[in-house]
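For reference, data.cif (mmCIF, C-alpha atoms):
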data_input
loop_
_atom_site.label_atom_id
_atom_site.label_comp_id
_atom_site.auth_asym_id
_atom_site.auth_seq_id
_atom_site.Cartn_x
_atom_site.Cartn_y
_atom_site.Cartn_z
CA MET A 34 24.84 -26.64 -75.09
CA THR A 35 23.17 -23.89 -77.01
CA LYS A 36 19.94 -22.68 -75.59
CA VAL A 37 17.41 -20.04 -76.39
CA GLY A 38 15.45 -18.34 -73.61
CA ILE A 39 11.89 -19.58 -73.68
CA CYS A 40 9.86 -17.18 -71.60
CA LEU A 41 9.88 -14.13 -69.35
CA SER A 42 7.82 -15.25 -66.36
CA ILE A 43 7.46 -18.34 -64.24
CA GLU A 44 4.72 -19.17 -61.77
CA LEU A 45 5.57 -21.49 -58.89
CA GLY A 46 2.86 -23.36 -57.01
CA GLY A 47 2.56 -24.97 -53.59
CA LYS A 48 4.35 -23.64 -50.52
CA GLY A 49 5.88 -20.25 -51.28
CA ALA A 50 3.70 -19.81 -54.37
CA THR A 51 4.68 -16.74 -56.37
CA THR A 52 5.41 -15.47 -59.85
CA LEU A 53 8.85 -14.34 -61.02
CA ARG A 54 8.87 -11.96 -63.98
CA VAL A 55 11.58 -10.00 -65.72
CA THR A 56 9.76 -6.74 -64.94
CA GLU A 57 10.72 -4.45 -62.04
CA GLY A 58 9.33 -5.53 -58.72
CA ASP A 59 8.98 -9.22 -59.50
CA CYS A 60 12.42 -9.96 -60.93
CA ALA A 61 14.61 -10.48 -57.86
CA SER A 62 15.25 -13.77 -56.14
CA LYS A 63 17.62 -15.30 -53.62
CA THR A 64 19.40 -18.60 -54.16
CA LYS A 65 20.08 -21.22 -51.50
CA ASN A 66 23.74 -20.02 -51.45
CA ASP A 67 22.47 -16.61 -50.27
CA GLU A 68 23.22 -15.01 -53.61
CA MET A 69 20.86 -12.30 -54.77
CA ALA A 70 20.06 -11.93 -58.43
CA ILE A 71 17.82 -10.22 -60.92
CA LEU A 72 15.98 -12.44 -63.39
CA LYS A 73 16.48 -11.76 -67.09
CA ASP A 74 15.23 -14.92 -68.75
CA VAL A 75 14.02 -18.47 -68.21
CA ILE A 76 15.52 -21.34 -70.18
CA ARG A 77 14.85 -25.08 -70.44
CA SER A 78 17.66 -27.54 -71.02
CA PRO A 79 17.23 -30.44 -73.49
CA GLN A 80 16.71 -32.70 -70.44
CA GLY A 81 13.75 -30.54 -69.44
CA HIS A 82 15.39 -28.83 -66.43
CA ILE A 83 14.28 -25.25 -65.94
CA LYS A 84 17.06 -22.76 -65.31
CA LEU A 85 16.91 -19.11 -64.40
CA VAL A 86 19.20 -16.61 -66.09
CA GLY A 87 20.11 -13.27 -64.60
CA HIS A 88 22.63 -10.91 -63.05
CA LYS A 89 23.89 -11.42 -59.52
CA PHE A 90 24.74 -8.63 -57.05
CA LEU A 91 28.46 -8.68 -56.21
CA ASP A 92 28.41 -6.57 -53.01
CA LYS A 93 26.15 -6.91 -50.01
CA SER A 94 26.32 -5.35 -46.55
CA ASP A 95 24.09 -4.67 -43.56
CA PHE A 96 21.39 -2.08 -44.22
CA PHE A 97 20.88 -1.21 -40.54
CA ASP A 98 22.67 -2.15 -37.30
CA CYS A 99 20.10 -1.14 -34.72
CA PRO A 100 18.05 -2.81 -33.15
CA CYS A 101 19.87 -5.80 -34.69
CA GLU A 102 22.06 -6.37 -37.72
CA SER A 103 19.81 -6.48 -40.77
CA SER A 104 21.67 -9.56 -42.05
CA LEU A 105 20.09 -11.51 -39.16
CA LEU A 106 16.72 -10.80 -40.78
CA GLY A 107 18.07 -11.58 -44.27
CA ILE A 108 17.87 -7.91 -45.28
CA PHE A 109 20.90 -6.52 -47.11
CA LYS A 110 22.06 -3.42 -48.90
CA VAL A 111 23.17 -4.67 -52.33
CA SER A 112 25.14 -3.01 -55.09
CA SER A 113 27.40 -3.70 -58.11
CA LEU A 114 25.32 -5.82 -60.41
CA ASP A 115 27.50 -8.37 -62.22
CA ARG A 116 27.67 -7.50 -65.92
CA THR A 117 27.99 -11.10 -67.01
CA ARG A 118 24.92 -13.29 -66.88
CA SER A 119 24.74 -16.26 -64.53
CA THR A 120 22.51 -19.31 -64.63
CA TRP A 121 21.10 -21.23 -61.71
CA ASP A 122 18.81 -24.21 -61.39
CA LEU A 123 15.22 -23.70 -60.30
CA SER A 124 16.02 -26.15 -57.46
CA ASP A 125 18.52 -23.55 -56.12
CA TYR A 126 15.81 -20.88 -55.88
CA ASP A 127 15.07 -20.02 -52.25
CA CYS A 128 12.73 -17.04 -52.08
CA LYS A 129 11.60 -13.92 -53.87
CA LEU A 130 13.11 -10.55 -52.99
CA ALA A 131 11.84 -7.01 -53.04
CA ILE A 132 14.69 -4.85 -54.36
CA LEU A 133 14.02 -1.22 -53.45
CA PRO A 134 16.24 1.71 -54.41
CA CYS A 135 18.04 3.41 -51.49
CA VAL A 136 16.92 7.00 -51.06
CA GLN A 137 20.26 8.25 -49.70
CA GLU A 138 22.60 6.27 -51.96
CA ARG A 139 21.78 6.22 -55.62
CA LYS A 140 23.81 3.17 -56.59
CA SER A 141 22.59 0.89 -53.79
CA CYS A 142 19.39 -1.02 -53.30
CA VAL A 143 17.83 -2.77 -50.33
CA ALA A 144 16.98 -6.46 -50.74
CA VAL A 145 14.15 -7.69 -48.51
CA PRO A 146 12.95 -11.34 -48.67
CA VAL A 147 9.20 -11.53 -49.34
CA LEU A 148 8.15 -13.60 -46.33
CA HIS A 149 5.42 -15.85 -47.76
CA THR A 150 7.60 -16.96 -50.69
CA PHE A 151 10.03 -19.08 -48.64
CA ILE A 152 10.03 -22.64 -49.99
CA MET B 52 -12.49 18.98 -23.50
CA GLU B 53 -10.15 16.63 -25.37
CA LYS B 54 -6.67 18.05 -25.88
CA LYS B 55 -5.80 18.48 -29.54
CA LEU B 56 -2.70 16.46 -30.46
CA GLU B 57 0.23 18.06 -32.24
CA PRO B 58 0.92 16.34 -35.58
CA MET B 59 4.20 14.39 -35.53
CA LEU B 60 5.07 15.28 -39.13
CA SER B 61 4.91 18.58 -40.96
CA PRO B 62 3.07 18.80 -44.33
CA ALA B 63 6.48 19.12 -46.04
CA GLU B 64 7.66 15.85 -44.45
CA ILE B 65 4.44 14.08 -45.49
CA ASN B 66 4.94 15.42 -49.00
CA GLU B 67 8.50 14.05 -49.00
CA LEU B 68 7.17 10.62 -47.93
CA SER B 69 4.68 10.69 -50.81
CA ASN B 70 7.45 11.55 -53.27
CA ILE B 71 9.49 8.55 -52.08
CA VAL B 72 6.42 6.29 -52.39
CA ASP B 73 5.87 7.50 -55.96
CA ARG B 74 9.53 6.80 -56.81
CA THR B 75 9.68 3.32 -55.25
CA ALA B 76 6.15 2.01 -55.99
CA GLU B 77 7.12 0.25 -59.22
CA TYR B 78 9.80 -1.76 -57.38
CA VAL B 79 7.38 -3.31 -54.87
CA PRO B 80 6.51 -6.95 -55.78
CA HIS B 81 3.00 -7.71 -56.96
CA ASP B 82 2.70 -10.39 -54.25
CA TYR B 83 1.30 -7.65 -52.01
CA ASN B 84 -2.37 -7.14 -52.81
CA ARG B 85 -2.38 -3.35 -52.70
CA ARG B 86 0.02 -1.16 -54.62
CA PRO B 87 1.82 1.60 -52.66
CA GLU B 88 -0.31 4.72 -52.45
CA ASN B 89 0.41 8.37 -51.89
CA PHE B 90 0.24 9.49 -48.23
CA GLU B 91 -2.40 12.01 -49.30
CA TYR B 92 -4.84 9.06 -49.07
CA PHE B 93 -3.50 7.81 -45.73
CA SER B 94 -6.93 7.95 -44.05
CA SER B 95 -8.25 5.39 -46.57
CA PHE B 96 -5.26 3.02 -46.28
CA LYS B 97 -6.28 -0.61 -45.75
CA ALA B 98 -4.65 -3.01 -43.29
CA SER B 99 -2.81 -4.79 -46.13
CA SER B 100 -1.19 -1.47 -47.21
CA LEU B 101 0.01 -0.86 -43.65
CA ARG B 102 1.26 -4.43 -43.39
CA ARG B 103 3.24 -4.00 -46.62
CA LEU B 104 4.72 -0.75 -45.27
CA LEU B 105 5.72 -2.57 -42.08
CA LEU B 106 7.28 -5.64 -43.67
CA CYS B 107 8.52 -4.53 -47.07
CA ASP B 108 9.04 -0.94 -48.19
CA GLY B 109 8.71 0.99 -44.91
CA PHE B 110 12.39 1.50 -44.14
CA VAL B 111 12.98 3.01 -47.58
CA VAL B 112 9.88 5.24 -47.35
CA PHE B 113 10.59 6.39 -43.78
CA SER B 114 14.37 6.72 -44.25
CA THR B 115 14.21 10.54 -44.37
CA LEU B 116 12.27 10.94 -41.11
CA LYS B 117 13.63 12.16 -37.75
CA THR B 118 15.92 9.60 -36.08
CA LYS B 119 13.60 8.98 -33.11
CA ILE B 120 10.61 8.12 -35.34
CA LYS B 121 12.77 6.04 -37.69
CA SER B 122 14.28 4.05 -34.83
CA CYS B 123 10.77 3.37 -33.49
CA TYR B 124 9.77 2.05 -36.90
CA LEU B 125 12.88 -0.17 -37.09
CA LEU B 126 12.13 -1.66 -33.66
CA LEU B 127 8.57 -2.55 -34.71
CA HIS B 128 9.73 -3.76 -38.13
CA ALA B 129 12.49 -6.04 -36.75
CA GLY B 130 10.20 -7.58 -34.11
CA ILE B 131 7.26 -8.28 -36.41
CA TYR B 132 9.51 -9.37 -39.30
CA ILE B 133 11.09 -12.08 -37.12
CA LEU B 134 7.72 -13.31 -35.85
CA SER B 135 6.18 -13.28 -39.36
CA SER B 136 9.06 -15.16 -40.96
CA PRO B 137 8.40 -18.91 -41.29
CA ARG B 138 12.10 -19.59 -40.61
CA LEU B 139 13.08 -17.02 -37.99
CA SER B 140 9.95 -17.65 -35.90
CA LYS B 141 11.15 -21.23 -35.30
CA ASP B 142 14.55 -20.12 -33.99
CA PRO B 143 14.30 -19.58 -30.19
CA LEU B 144 17.13 -17.00 -30.17
CA SER B 145 15.43 -14.90 -32.86
CA VAL B 146 12.08 -15.06 -31.03
CA ASN B 147 13.83 -13.88 -27.82
CA LEU B 148 15.33 -11.02 -29.79
CA ALA B 149 11.89 -10.15 -31.21
CA GLU B 150 10.43 -10.11 -27.69
CA THR B 151 13.15 -7.73 -26.42
CA VAL B 152 12.84 -5.50 -29.47
CA LEU B 153 9.02 -5.24 -29.23
CA LEU B 154 9.24 -4.44 -25.52
CA ARG B 155 11.72 -1.68 -26.34
CA PHE B 156 9.35 -0.42 -29.04
CA VAL B 157 6.44 -0.16 -26.60
CA LYS B 158 8.58 1.71 -24.04
CA LYS B 159 10.15 4.00 -26.63
CA SER B 160 6.88 4.75 -28.45
CA GLU B 161 5.42 6.08 -25.20
CA LYS B 162 8.26 8.62 -25.00
CA VAL B 163 8.17 9.53 -28.70
CA PHE B 164 4.44 9.56 -29.48
CA GLY B 165 3.00 10.14 -26.00
CA LYS B 166 1.03 8.07 -23.49
CA HIS B 167 -2.13 8.06 -25.62
CA PHE B 168 -0.29 5.94 -28.23
CA VAL B 169 0.15 2.92 -25.96
CA VAL B 170 -3.35 1.49 -26.25
CA TYR B 171 -4.34 -2.15 -25.73
CA ASN B 172 -3.26 -3.21 -29.26
CA VAL B 173 0.21 -1.74 -28.74
CA HIS B 174 0.51 -3.44 -25.36
CA SER B 175 -0.42 -6.82 -26.88
CA LEU B 176 2.72 -6.66 -29.08
CA ILE B 177 4.67 -7.66 -25.95
CA HIS B 178 2.86 -11.03 -25.86
CA LEU B 179 3.20 -11.92 -29.55
CA ALA B 180 6.58 -13.63 -29.11
CA GLN B 181 5.18 -15.90 -26.40
CA GLU B 182 2.27 -16.83 -28.72
CA CYS B 183 4.76 -17.79 -31.44
CA ARG B 184 6.63 -19.99 -28.93
CA VAL B 185 3.40 -21.71 -27.85
CA HIS B 186 2.26 -22.43 -31.43
CA ASN B 187 5.81 -22.87 -32.83
CA GLN B 188 4.51 -21.08 -35.93
CA CYS B 189 4.87 -17.69 -37.57
CA LEU B 190 2.16 -15.06 -36.99
CA GLU B 191 0.49 -15.68 -40.37
CA ASN B 192 -0.31 -19.29 -39.49
CA PHE B 193 -2.40 -18.58 -36.40
CA SER B 194 -3.72 -15.09 -37.07
CA ALA B 195 -7.20 -14.04 -38.20
CA TYR B 196 -5.98 -12.92 -41.65
CA LYS B 197 -7.81 -15.83 -43.30
CA TYR B 198 -11.05 -14.83 -41.61
CA GLU B 199 -10.56 -11.19 -42.54
CA ASN B 200 -10.16 -12.14 -46.20
CA VAL B 201 -13.74 -13.48 -46.31
CA MET B 202 -15.33 -10.73 -44.20
CA GLY B 203 -17.06 -9.36 -47.35
CA VAL B 204 -18.43 -12.81 -48.22
CA ILE B 205 -19.76 -13.28 -44.69
CA ARG B 206 -21.37 -9.84 -44.68
CA LYS B 207 -23.20 -10.51 -47.95
CA LEU B 208 -24.49 -13.85 -46.64
CA LEU B 209 -26.12 -12.28 -43.57
CA ARG B 210 -29.68 -11.05 -44.18
CA SER B 211 -30.25 -9.32 -40.85
CA THR B 212 -28.41 -8.59 -37.61
CA ASN B 213 -30.44 -11.24 -35.79
CA LYS B 214 -28.50 -14.41 -34.84
CA PRO B 215 -25.61 -14.03 -37.32
CA ILE B 216 -23.87 -17.30 -36.36
CA HIS B 217 -27.12 -19.29 -36.90
CA GLN B 218 -27.60 -17.64 -40.28
CA LEU B 219 -24.04 -18.46 -41.33
CA ALA B 220 -24.41 -22.07 -40.19
CA ASN B 221 -27.62 -22.38 -42.27
CA ARG B 222 -25.99 -20.86 -45.38
CA ASP B 223 -23.04 -23.20 -44.87
CA LYS B 224 -25.40 -26.20 -44.76
CA GLU B 225 -27.31 -25.03 -47.84
CA ARG B 226 -24.09 -24.75 -49.85
CA GLN B 227 -22.64 -28.08 -48.67
CA GLY B 228 -19.84 -26.43 -46.70
CA ARG B 229 -18.69 -24.16 -49.50
CA LEU B 230 -19.52 -20.64 -48.38
CA PHE B 231 -17.23 -19.27 -51.06
CA ILE B 232 -15.31 -20.81 -53.91
CA PRO B 233 -11.58 -20.39 -53.35
CA LYS B 234 -9.38 -19.32 -56.25
CA ASP B 235 -7.74 -22.08 -58.22
CA ARG B 236 -4.28 -22.32 -56.74
CA LEU B 237 -1.35 -24.20 -58.20
CA LYS B 238 -0.41 -27.36 -56.33
CA GLN B 239 3.00 -28.23 -54.90
CA ASP B 240 5.69 -28.59 -57.59
CA ASP B 241 3.41 -27.08 -60.25
CA ILE B 242 5.37 -24.74 -62.49
CA VAL B 243 3.74 -22.64 -65.18
CA LEU B 244 5.83 -20.78 -67.74
CA ARG B 245 4.29 -17.64 -69.22
CA ASP B 246 5.17 -14.81 -71.63
CA PHE B 247 6.89 -17.07 -74.15
CA HIS B 248 9.28 -15.39 -76.55
CA ARG B 249 7.82 -14.79 -79.93
CA GLY B 250 9.83 -15.60 -83.05
CA ASP B 251 10.97 -12.01 -83.62
CA ASP B 252 12.51 -11.43 -80.19
CA GLU B 253 14.23 -14.81 -79.82
CA GLY B 254 17.50 -13.43 -81.12
CA ARG B 255 17.76 -10.97 -78.23
CA HIS B 256 17.59 -13.75 -75.68
CA LEU B 257 20.12 -16.13 -77.21
CA PHE B 258 22.57 -17.62 -74.70
CA VAL B 259 25.53 -19.83 -75.42
CA TYR B 260 27.08 -22.03 -72.72
#

Show the structure stored in the file as structure tokens.
Amino acid sequence: MTKVGICLSIELGGKGATTLRVTEGDCASKTKNDEMAILKDVIRSPQGHIKLVGHKFLDKSDFFDCPCESSLLGIFKVSSLDRTRSTWDLSDYDCKLAILPCVQERKSCVAVPVLHTFI
Amino acid sequence: MEKKLEPMLSPAEINELSNIVDRTAEYVPHDYNRRPENFEYFSSFKASSLRRLLLCDGFVVFSTLKTKIKSCYLLLHAGIYILSSPRLSKDPLSVNLAETVLLRFVKKSEKVFGKHFVVYNVHSLIHLAQECRVHNQCLENFSAYKYENVMGVIRKLLRSTNKPIHQLANRDKERQGRLFIPKDRLKQDDIVLRDFHRGDDEGRHLFVY
């Protein structure tokens, strides 16, 4: 199918209410498969399903090991943004992420789930 | 006479923290009510700014600090993050971990910051995990945050310091139980699309599958 992106921000209501935008700060989200991605566009299929378009992070590792592994908390150090765009259904969206640049390592970022946005 | 406390951080270190805040502020989600502020204004920081530092951007901001202070922060962060998470707070193993970690924080903070640091509020961190077990909820769901959000409304409704609860009950009755009008929130499954592409930029967002 051929599809044109329709908009640049999407507001979700109910439990985990939040707004995803393509701008820095509000663009990152986690899917139910634990994949972390940056939103670039929102599209709607002819059937009316809303899909999110963006770039996924290819590498993720623990950000800290003490007092516990950060992956236990869902916090990861992410890097290598996939150059090709991916699409995922809105039903696969799990929560919003804060992606903050690492101070020590220029090419890495820290992905922290925003707690009240869990669905 | 009260003994003057030595500052934990030098002005240069505080300046470094402020530089990191300035660099990372734009990456902090707008879900947090207050935007990150320079540490120059630390004395006027609100509770929501401190909460954001604890749960979201703190470990990036404090990453350049001395190891002992940073490890104290990580202990507090990990413990509170688990208890504030709607998912992790329902997992008994995670809550046990949070309890151990917060106990370690209280013991370690006494060594790092001194005995004066461990006041009643710091001590009560030890009991938070047990509260989460009792309620089987995350901290947000049984805390006083909701009350604190309408503190301003309550203050404006009171006309004198005499019998505040009676006054509030009367105002509540006068307004048919609506002391303040809550913001219009979207309901479950409501989805609103915004910032639609205009005709001239559609070409840049063309995808073929």

Neighbour list for Leu237 in chain B as a PyMOL selection string, cut-off 7 Å, all atoms listed in the file, skip fewer than 4 positions in-chain
(chain A and resi 46-47) or (chain B and resi 241)

Go through A:Leu72, A:Val147, A:Ala61, A:Val55 and flag the residue nearest Leu85 in chain A, using all atoms listed in the file for the distances.
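Smallest distance to Leu85 in chain A is found for A:Leu72.
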
Would you mind telling me which residue in A:Cys142, A:Glu44, A:Thr117, A:Gly58 lies nearest to Tyr83 in chain B when using only C-alpha atoms?
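Of all the options, A:Gly58 lies closest to Tyr83 in chain B.
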
Which polymer residues, whether protein, DNA or RNA, lie within 8 Å of the coordinate (13.3, -14.2, -36.4) when you count only C-alpha atoms? List them as a list in words, using the chain letters and numbers from the file.
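Selection result: Leu105 and Leu106 of chain A; Gly130, Tyr132, Ile133, Leu134, Ser135, Ser136, Arg138, Leu139, Ser140, Lys141, Asp142, Leu144, Ser145, Val146, Leu148 and Ala149 of chain B.
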
One-decimal distance in Å that lies between CA of Gly165 in chain B and CA of Glu150 in chain B:
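Those two atoms sit 21.6 Å apart.
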
Spell out the residues picked by the PyMOL selection byres ((chain A) within 9 of (chain B)) here, as a PyMOL selection string.
chain A and resi 34-48+50-52+54+57-60+73-75+97+99-101+103+105-106+129-137+143+145-151
